[in-house]
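K.L.:
Attaching a single structure in structure tokens format; questions to follow.
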Amino acid sequence: MPETLSPARRALRHPLLWPVLALAVLLVVNVIATPTFLNIRIQDGHLYGNLVDIVRNSAPVLLIALGMTLVIATRGIDLSVGAIAAIAAAVACTRIVAAGDEAALSTAVMAVTYAVVVCVLLGAWNGFLVSVAGIQPIIATLILMVAGRGISMAITDGQITTVNNPYFSDLASGYVLTLPVAFILALAVFALTALLTRRTALGMLIEAVGINPEASRLAGVRARTIIWTVYAFSGFCAGVAGLVIAANTNSVNANSLGLWIELDAILAVVIGGTSLAGGRFSLTGTLVGALFIATLARTIPNIGIPSEANYLFKAVVVIAVCLLQSPRARALLRVRRRGPVVPVLAKGTAA
């Protein structure tokens, strides 16, 4: 008979337990360092506070991590998302600057549309290299990761391009119902992704391709189409994230915009419980992972750690969380707590 677990044991085995606990620990550390850390106030009809800043700053990472989750679920990886974000910002900002009325709503809408279309095409290009040309995902996306910076530099002529469009700025600094537009946008993409992957067969097909591509092909699943789709979606998510980052400063620096954000996105996906080996994925886990990354970035300066140690401290914390999630590591800890297992020989058996 299958083992019946109590609610407490089921909770302890839940894959989101350790990421949520780690996020809670970070918040407690911040409260100890700054007792007013969790305070939220309303000013000019908007919410302000550290928590509001965290959810706003988590939006770009969450957007890119959503696309990365589906790519990783198919046994892939997308290292080009940071470069695609820079291209999106470069396309949008140059279009706004070149428009006749730089501050018009139509200018912002057209610039954003052009940028998103370009990014979807770039994501589809990655999907073509992986699914049709048969290039390893890490190599296929590394090509655009390197070339994408050059493309964005060419679009901006190597200059920092500054824009003055209030509607474009609202992508990062605007509010709707007292909440940041950036986070609402990220949640909207999250909800759409969850709807398509959990309420249709798409999620099952993605997992099938990730678990066993050959078996899924023999079962009639069009693996090429699935892989092409997830990479195009990853390009879309990276493009929207790049627009949010550019809107935050009303400018684009092709050299630095979105630099290393692909690593934060991969960490958010892994912290959320999605395996890099492909197969089953967790969008809710990715959301928790993105919030964890944004909270960690806020925690490091808040507790007085020098910014030079930012990446080192982040690596240590992420390794600890991943070890806590690892079934093998937890099994090893359980064995050591219980002590070594002494074999019992049957009666009459020689040692």
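If you're wondering about the labels, chains in the structure tokens are A, B, ... by order shown, residues count from 1 in each chain, ligands from 1 in order shown.
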As an NGL selection string, please: every residue in region 57-200 of chain A that DSSP puts in helix (DSSP H, G or I).

P.N.:
:A and (57-73 or 81-98 or 105-131 or 137-155 or 166-173 or 181-198)

K.L.:
For a quick check of understanding, using only C-alpha atoms, which of A:Ile155, A:Val118, A:Val269, A:Leu129 has the smallest distance to Leu16 (chain A)?

P.N.:
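Smallest distance to Leu16 (chain A) is found for A:Val269.
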
K.L.:
Looking at A:Leu257, A:Val52, A:Ala219, A:Val240, which one is nearest to Gly148 (chain A), with distances taken over only C-alpha atoms?

P.N.:
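Smallest separation from Gly148 (chain A) among the options: A:Leu257.
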
K.L.:
Could you pull the residues within 10 Å of Leu38 (chain A), counting only C-alpha atoms, minus those fewer than 4 positions along the same chain, as a list in words?

P.N.:
Leu27, Val28, Asn30, Val31, Thr34, Gly49, Asn50, Leu51 and Val52 of chain A

K.L.:
So which residues of region 44-208 of chain A fall under strand (DSSP E or B) by DSSP, listed as a PyMOL selection string?

P.N.:
chain A and resi 46-49+161-162+175-176+179-180

K.L.:
Next, write the just-selected residues to a file, as a PDB file, in the first residue's frame, keeping N, CA and C atoms as the atom set.

P.N.:
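selection-v1.pdb, written as the output of this step:
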```
ATOM      1  N   HIS A  46      -0.033  56.401  -4.383  1.00  0.00           N
ATOM      2  CA  HIS A  46       0.766  55.248  -4.761  1.00  0.00           C
ATOM      3  C   HIS A  46       1.400  54.624  -3.521  1.00  0.00           C
ATOM      4  N   LEU A  47       1.689  53.325  -3.621  1.00  0.00           N
ATOM      5  CA  LEU A  47       2.370  52.628  -2.541  1.00  0.00           C
ATOM      6  C   LEU A  47       3.878  52.811  -2.665  1.00  0.00           C
ATOM      7  N   TYR A  48       4.517  53.084  -1.527  1.00  0.00           N
ATOM      8  CA  TYR A  48       5.967  53.241  -1.499  1.00  0.00           C
ATOM      9  C   TYR A  48       6.524  52.420  -0.342  1.00  0.00           C
ATOM     10  N   GLY A  49       7.737  51.939  -0.511  1.00  0.00           N
ATOM     11  CA  GLY A  49       8.404  51.177   0.536  1.00  0.00           C
ATOM     12  C   GLY A  49       9.366  50.164  -0.058  1.00  0.00           C
ATOM     13  N   THR A 161      21.661  56.535 -25.640  1.00  0.00           N
ATOM     14  CA  THR A 161      20.502  57.220 -26.221  1.00  0.00           C
ATOM     15  C   THR A 161      19.492  57.529 -25.127  1.00  0.00           C
ATOM     16  N   THR A 162      19.165  58.795 -24.976  1.00  0.00           N
ATOM     17  CA  THR A 162      18.215  59.243 -23.947  1.00  0.00           C
ATOM     18  C   THR A 162      16.906  59.657 -24.601  1.00  0.00           C
ATOM     19  N   TYR A 175       2.147  53.645 -12.146  1.00  0.00           N
ATOM     20  CA  TYR A 175       1.359  52.884 -11.168  1.00  0.00           C
ATOM     21  C   TYR A 175      -0.052  52.675 -11.703  1.00  0.00           C
ATOM     22  N   VAL A 176      -0.612  51.526 -11.377  1.00  0.00           N
ATOM     23  CA  VAL A 176      -2.021  51.229 -11.659  1.00  0.00           C
ATOM     24  C   VAL A 176      -2.617  50.648 -10.389  1.00  0.00           C
ATOM     25  N   LEU A 179      -0.223  50.067  -7.582  1.00  0.00           N
ATOM     26  CA  LEU A 179       0.837  49.081  -7.766  1.00  0.00           C
ATOM     27  C   LEU A 179       1.708  49.440  -8.961  1.00  0.00           C
ATOM     28  N   PRO A 180       3.005  49.094  -8.934  1.00  0.00           N
ATOM     29  CA  PRO A 180       3.906  49.426 -10.046  1.00  0.00           C
ATOM     30  C   PRO A 180       3.475  48.747 -11.347  1.00  0.00           C
TER      31      PRO A 180
END
```

K.L.:
Within 12 Å of Ala201 (chain A), counting only C-alpha atoms, which residues show up once you throw out same-chain ones fewer than 6 positions away? Write them as a short mmCIF file (atom, residue, chain, number, x, y, z; two decimals) with C-alpha atoms, in the first residue's frame, please.

P.N.:
```
data_model
loop_
_atom_site.label_atom_id
_atom_site.label_comp_id
_atom_site.auth_asym_id
_atom_site.auth_seq_id
_atom_site.Cartn_x
_atom_site.Cartn_y
_atom_site.Cartn_z
CA ALA A 194 0.28 29.74 -16.65
CA LEU A 195 -2.98 29.75 -18.59
CA GLU A 207 7.43 18.49 -20.50
CA ALA A 208 7.23 15.51 -22.87
CA VAL A 221 4.54 15.44 -30.77
CA ILE A 226 7.48 23.19 -29.50
#
```

K.L.:
Between A:Leu66, A:Ile266, A:Ala85, A:Leu177, single out the one closest to Phe190 (chain A), counting only C-alpha atoms.

P.N.:
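Of all the options, A:Leu66 lies closest to Phe190 (chain A).
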
K.L.:
To one decimal in Å, tell me the separation between CA of Pro15 (chain A) and CA of Ser275 (chain A).

P.N.:
11.4 Å

K.L.:
Mind checking which residues fall within 12 Å of Thr107 (chain A), counting only C-alpha atoms, ignoring those fewer than 2 positions away in the same chain, and posting them as a short mmCIF file (atom, residue, chain, number, x, y, z; two decimals) with C-alpha atoms, in the first residue's frame?

P.N.:
```
data_model
loop_
_atom_site.label_atom_id
_atom_site.label_comp_id
_atom_site.auth_asym_id
_atom_site.auth_seq_id
_atom_site.Cartn_x
_atom_site.Cartn_y
_atom_site.Cartn_z
CA ALA A 92 12.60 51.39 -28.92
CA CYS A 93 14.75 54.33 -27.84
CA THR A 94 16.06 55.10 -31.32
CA ARG A 95 12.54 54.94 -32.73
CA ILE A 96 11.30 57.37 -30.07
CA VAL A 97 14.17 59.80 -30.67
CA ALA A 98 13.65 59.69 -34.44
CA ALA A 99 9.90 60.32 -34.21
CA GLY A 100 8.41 63.67 -35.10
CA ASP A 101 6.64 63.97 -31.73
CA GLU A 102 8.91 62.27 -29.21
CA ALA A 103 6.48 62.59 -26.28
CA ALA A 104 3.35 61.25 -28.05
CA LEU A 105 1.52 58.08 -26.99
CA VAL A 109 3.26 52.37 -28.82
CA MET A 110 4.98 52.06 -32.19
CA ALA A 111 8.45 51.93 -30.62
CA VAL A 112 7.43 49.19 -28.19
CA THR A 113 5.71 47.22 -30.97
CA TYR A 114 8.76 47.38 -33.24
CA VAL A 163 14.48 59.61 -24.55
CA ASN A 164 11.77 61.89 -23.23
CA ASN A 165 8.44 60.09 -23.45
CA PRO A 166 6.24 59.93 -20.33
CA TYR A 167 4.24 56.97 -21.64
CA PHE A 168 7.40 54.94 -22.20
#
```

K.L.:
When distances are computed from only C-alpha atoms, which of A:Val318, A:Val117, A:Gln136, A:Gly203 shows the smallest separation from Phe292 (chain A)?

P.N.:
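Using only C-alpha atoms, the shortest distance to Phe292 (chain A) belongs to A:Val318.
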
K.L.:
Can you list, as a PDB file with N, CA and C atoms, in the first residue's frame, every protein, DNA or RNA residue that comes within 9 Å of region 276-290 of chain A when you count only C-alpha atoms, leaving out same-chain residues fewer than 2 positions away?

P.N.:
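Produced file selection.pdb, reproduced below:
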```pdb
ATOM      1  N   PRO A  15       8.223  21.098  -2.995  1.00  0.00           N
ATOM      2  CA  PRO A  15       9.422  21.694  -3.619  1.00  0.00           C
ATOM      3  C   PRO A  15       9.578  23.189  -3.378  1.00  0.00           C
ATOM      4  N   LEU A  16       8.482  23.878  -3.049  1.00  0.00           N
ATOM      5  CA  LEU A  16       8.574  25.320  -2.829  1.00  0.00           C
ATOM      6  C   LEU A  16       8.889  25.684  -1.382  1.00  0.00           C
ATOM      7  N   PRO A  19      12.617  27.436  -1.022  1.00  0.00           N
ATOM      8  CA  PRO A  19      12.685  28.791  -1.580  1.00  0.00           C
ATOM      9  C   PRO A  19      11.865  29.810  -0.793  1.00  0.00           C
ATOM     10  N   VAL A  20      10.664  29.409  -0.356  1.00  0.00           N
ATOM     11  CA  VAL A  20       9.821  30.333   0.413  1.00  0.00           C
ATOM     12  C   VAL A  20      10.457  30.626   1.765  1.00  0.00           C
ATOM     13  N   LEU A  23      13.328  33.003   1.277  1.00  0.00           N
ATOM     14  CA  LEU A  23      12.827  34.366   1.071  1.00  0.00           C
ATOM     15  C   LEU A  23      12.404  34.978   2.403  1.00  0.00           C
ATOM     16  N   SER A  58      11.968  43.205  -9.304  1.00  0.00           N
ATOM     17  CA  SER A  58      11.942  41.790  -9.695  1.00  0.00           C
ATOM     18  C   SER A  58      11.294  41.581 -11.057  1.00  0.00           C
ATOM     19  N   ALA A  59      10.610  42.595 -11.590  1.00  0.00           N
ATOM     20  CA  ALA A  59       9.849  42.437 -12.830  1.00  0.00           C
ATOM     21  C   ALA A  59      10.720  41.998 -14.010  1.00  0.00           C
ATOM     22  N   PRO A  60      11.860  42.673 -14.309  1.00  0.00           N
ATOM     23  CA  PRO A  60      12.673  42.216 -15.448  1.00  0.00           C
ATOM     24  C   PRO A  60      13.178  40.789 -15.286  1.00  0.00           C
ATOM     25  N   VAL A  61      13.644  40.441 -14.080  1.00  0.00           N
ATOM     26  CA  VAL A  61      14.133  39.078 -13.850  1.00  0.00           C
ATOM     27  C   VAL A  61      13.002  38.073 -14.006  1.00  0.00           C
ATOM     28  N   LEU A  62      11.818  38.387 -13.469  1.00  0.00           N
ATOM     29  CA  LEU A  62      10.683  37.488 -13.584  1.00  0.00           C
ATOM     30  C   LEU A  62      10.280  37.285 -15.042  1.00  0.00           C
ATOM     31  N   LEU A  63      10.240  38.368 -15.806  1.00  0.00           N
ATOM     32  CA  LEU A  63       9.873  38.264 -17.216  1.00  0.00           C
ATOM     33  C   LEU A  63      10.819  37.334 -17.963  1.00  0.00           C
ATOM     34  N   ALA A  65      12.877  35.146 -16.666  1.00  0.00           N
ATOM     35  CA  ALA A  65      12.860  33.808 -16.063  1.00  0.00           C
ATOM     36  C   ALA A  65      11.665  32.993 -16.539  1.00  0.00           C
ATOM     37  N   LEU A  66      10.542  33.633 -16.848  1.00  0.00           N
ATOM     38  CA  LEU A  66       9.389  32.893 -17.361  1.00  0.00           C
ATOM     39  C   LEU A  66       9.716  32.238 -18.697  1.00  0.00           C
ATOM     40  N   THR A  69      12.228  29.458 -18.122  1.00  0.00           N
ATOM     41  CA  THR A  69      11.639  28.248 -17.540  1.00  0.00           C
ATOM     42  C   THR A  69      11.175  27.287 -18.618  1.00  0.00           C
ATOM     43  N   LEU A  70      10.469  27.807 -19.618  1.00  0.00           N
ATOM     44  CA  LEU A  70       9.968  26.940 -20.682  1.00  0.00           C
ATOM     45  C   LEU A  70      11.101  26.418 -21.553  1.00  0.00           C
ATOM     46  N   VAL A  71      12.119  27.253 -21.778  1.00  0.00           N
ATOM     47  CA  VAL A  71      13.269  26.798 -22.559  1.00  0.00           C
ATOM     48  C   VAL A  71      13.997  25.666 -21.829  1.00  0.00           C
ATOM     49  N   ILE A  72      14.236  25.858 -20.539  1.00  0.00           N
ATOM     50  CA  ILE A  72      14.933  24.830 -19.752  1.00  0.00           C
ATOM     51  C   ILE A  72      14.092  23.564 -19.667  1.00  0.00           C
ATOM     52  N   ALA A  73      12.778  23.701 -19.638  1.00  0.00           N
ATOM     53  CA  ALA A  73      11.903  22.527 -19.574  1.00  0.00           C
ATOM     54  C   ALA A  73      12.044  21.645 -20.802  1.00  0.00           C
ATOM     55  N   THR A  74      12.520  22.213 -21.929  1.00  0.00           N
ATOM     56  CA  THR A  74      12.746  21.425 -23.143  1.00  0.00           C
ATOM     57  C   THR A  74      14.196  20.966 -23.264  1.00  0.00           C
ATOM     58  N   ARG A  75      14.931  21.005 -22.150  1.00  0.00           N
ATOM     59  CA  ARG A  75      16.354  20.642 -22.109  1.00  0.00           C
ATOM     60  C   ARG A  75      17.233  21.666 -22.805  1.00  0.00           C
ATOM     61  N   GLY A  76      16.762  22.898 -22.898  1.00  0.00           N
ATOM     62  CA  GLY A  76      17.540  23.939 -23.556  1.00  0.00           C
ATOM     63  C   GLY A  76      18.065  24.955 -22.566  1.00  0.00           C
ATOM     64  N   ILE A  77      18.654  25.998 -23.110  1.00  0.00           N
ATOM     65  CA  ILE A  77      19.134  27.138 -22.324  1.00  0.00           C
ATOM     66  C   ILE A  77      19.193  28.323 -23.267  1.00  0.00           C
ATOM     67  N   PHE A 190       3.002  36.353 -16.545  1.00  0.00           N
ATOM     68  CA  PHE A 190       2.986  35.136 -15.725  1.00  0.00           C
ATOM     69  C   PHE A 190       1.630  34.434 -15.837  1.00  0.00           C
ATOM     70  N   THR A 193       1.185  32.904 -19.275  1.00  0.00           N
ATOM     71  CA  THR A 193       2.013  31.702 -19.407  1.00  0.00           C
ATOM     72  C   THR A 193       1.391  30.530 -18.661  1.00  0.00           C
ATOM     73  N   ALA A 194       0.916  30.794 -17.441  1.00  0.00           N
ATOM     74  CA  ALA A 194       0.280  29.739 -16.653  1.00  0.00           C
ATOM     75  C   ALA A 194      -0.988  29.233 -17.338  1.00  0.00           C
ATOM     76  N   GLY A 203       1.685  22.756 -21.944  1.00  0.00           N
ATOM     77  CA  GLY A 203       2.610  22.441 -20.857  1.00  0.00           C
ATOM     78  C   GLY A 203       3.010  20.981 -20.859  1.00  0.00           C
ATOM     79  N   MET A 204       2.051  20.089 -21.103  1.00  0.00           N
ATOM     80  CA  MET A 204       2.347  18.663 -21.144  1.00  0.00           C
ATOM     81  C   MET A 204       3.273  18.335 -22.309  1.00  0.00           C
ATOM     82  N   ILE A 206       5.464  20.387 -23.700  1.00  0.00           N
ATOM     83  CA  ILE A 206       6.789  20.907 -23.368  1.00  0.00           C
ATOM     84  C   ILE A 206       7.520  19.939 -22.440  1.00  0.00           C
ATOM     85  N   GLU A 207       6.820  19.436 -21.431  1.00  0.00           N
ATOM     86  CA  GLU A 207       7.434  18.490 -20.502  1.00  0.00           C
ATOM     87  C   GLU A 207       7.793  17.184 -21.212  1.00  0.00           C
ATOM     88  N   ALA A 208       6.957  16.739 -22.135  1.00  0.00           N
ATOM     89  CA  ALA A 208       7.233  15.513 -22.867  1.00  0.00           C
ATOM     90  C   ALA A 208       8.504  15.644 -23.699  1.00  0.00           C
ATOM     91  N   VAL A 209       8.658  16.785 -24.363  1.00  0.00           N
ATOM     92  CA  VAL A 209       9.862  17.021 -25.159  1.00  0.00           C
ATOM     93  C   VAL A 209      11.093  17.060 -24.264  1.00  0.00           C
ATOM     94  N   GLY A 210      10.955  17.665 -23.080  1.00  0.00           N
ATOM     95  CA  GLY A 210      12.095  17.755 -22.171  1.00  0.00           C
ATOM     96  C   GLY A 210      12.468  16.435 -21.537  1.00  0.00           C
ATOM     97  N   ILE A 211      11.472  15.605 -21.224  1.00  0.00           N
ATOM     98  CA  ILE A 211      11.754  14.326 -20.576  1.00  0.00           C
ATOM     99  C   ILE A 211      12.382  13.344 -21.550  1.00  0.00           C
ATOM    100  N   ASN A 212      11.804  13.217 -22.748  1.00  0.00           N
ATOM    101  CA  ASN A 212      12.325  12.277 -23.736  1.00  0.00           C
ATOM    102  C   ASN A 212      11.942  12.757 -25.134  1.00  0.00           C
ATOM    103  N   ASP A 264      20.901  35.751 -13.540  1.00  0.00           N
ATOM    104  CA  ASP A 264      19.872  35.916 -12.506  1.00  0.00           C
ATOM    105  C   ASP A 264      18.615  35.130 -12.865  1.00  0.00           C
ATOM    106  N   ALA A 265      18.258  35.139 -14.155  1.00  0.00           N
ATOM    107  CA  ALA A 265      17.059  34.421 -14.583  1.00  0.00           C
ATOM    108  C   ALA A 265      17.233  32.912 -14.405  1.00  0.00           C
ATOM    109  N   LEU A 267      19.226  31.437 -12.290  1.00  0.00           N
ATOM    110  CA  LEU A 267      19.208  31.178 -10.847  1.00  0.00           C
ATOM    111  C   LEU A 267      17.772  31.182 -10.314  1.00  0.00           C
ATOM    112  N   ALA A 268      16.961  32.121 -10.778  1.00  0.00           N
ATOM    113  CA  ALA A 268      15.568  32.177 -10.325  1.00  0.00           C
ATOM    114  C   ALA A 268      14.823  30.904 -10.711  1.00  0.00           C
ATOM    115  N   VAL A 269      15.085  30.402 -11.917  1.00  0.00           N
ATOM    116  CA  VAL A 269      14.428  29.180 -12.383  1.00  0.00           C
ATOM    117  C   VAL A 269      14.860  27.981 -11.537  1.00  0.00           C
ATOM    118  N   VAL A 270      16.168  27.874 -11.290  1.00  0.00           N
ATOM    119  CA  VAL A 270      16.691  26.733 -10.535  1.00  0.00           C
ATOM    120  C   VAL A 270      16.230  26.792  -9.081  1.00  0.00           C
ATOM    121  N   ILE A 271      16.283  27.990  -8.488  1.00  0.00           N
ATOM    122  CA  ILE A 271      15.802  28.135  -7.110  1.00  0.00           C
ATOM    123  C   ILE A 271      14.335  27.740  -7.006  1.00  0.00           C
ATOM    124  N   GLY A 272      13.562  28.029  -8.043  1.00  0.00           N
ATOM    125  CA  GLY A 272      12.144  27.691  -8.044  1.00  0.00           C
ATOM    126  C   GLY A 272      11.846  26.217  -8.209  1.00  0.00           C
ATOM    127  N   GLY A 273      12.876  25.402  -8.440  1.00  0.00           N
ATOM    128  CA  GLY A 273      12.665  23.961  -8.486  1.00  0.00           C
ATOM    129  C   GLY A 273      12.639  23.335  -9.853  1.00  0.00           C
ATOM    130  N   THR A 274      12.771  24.116 -10.927  1.00  0.00           N
ATOM    131  CA  THR A 274      12.818  23.544 -12.273  1.00  0.00           C
ATOM    132  C   THR A 274      14.191  22.930 -12.514  1.00  0.00           C
ATOM    133  N   PHE A 292      13.097  36.186  -4.754  1.00  0.00           N
ATOM    134  CA  PHE A 292      14.270  35.900  -3.920  1.00  0.00           C
ATOM    135  C   PHE A 292      15.494  36.653  -4.436  1.00  0.00           C
ATOM    136  N   ILE A 293      15.719  36.628  -5.748  1.00  0.00           N
ATOM    137  CA  ILE A 293      16.875  37.313  -6.335  1.00  0.00           C
ATOM    138  C   ILE A 293      16.786  38.815  -6.081  1.00  0.00           C
ATOM    139  N   ALA A 294      15.588  39.406  -6.276  1.00  0.00           N
ATOM    140  CA  ALA A 294      15.420  40.841  -6.058  1.00  0.00           C
ATOM    141  C   ALA A 294      15.592  41.195  -4.581  1.00  0.00           C
ATOM    142  N   THR A 295      15.089  40.352  -3.686  1.00  0.00           N
ATOM    143  CA  THR A 295      15.238  40.604  -2.247  1.00  0.00           C
ATOM    144  C   THR A 295      16.695  40.483  -1.829  1.00  0.00           C
TER     145      THR A 295
END
```

K.L.:
Given the choices A:Ser169, A:Asn310, A:Ser256, A:Ser80, which gets closest to Ala182 (chain A) if the distance is worked out from only C-alpha atoms?

P.N.:
A:Ser169
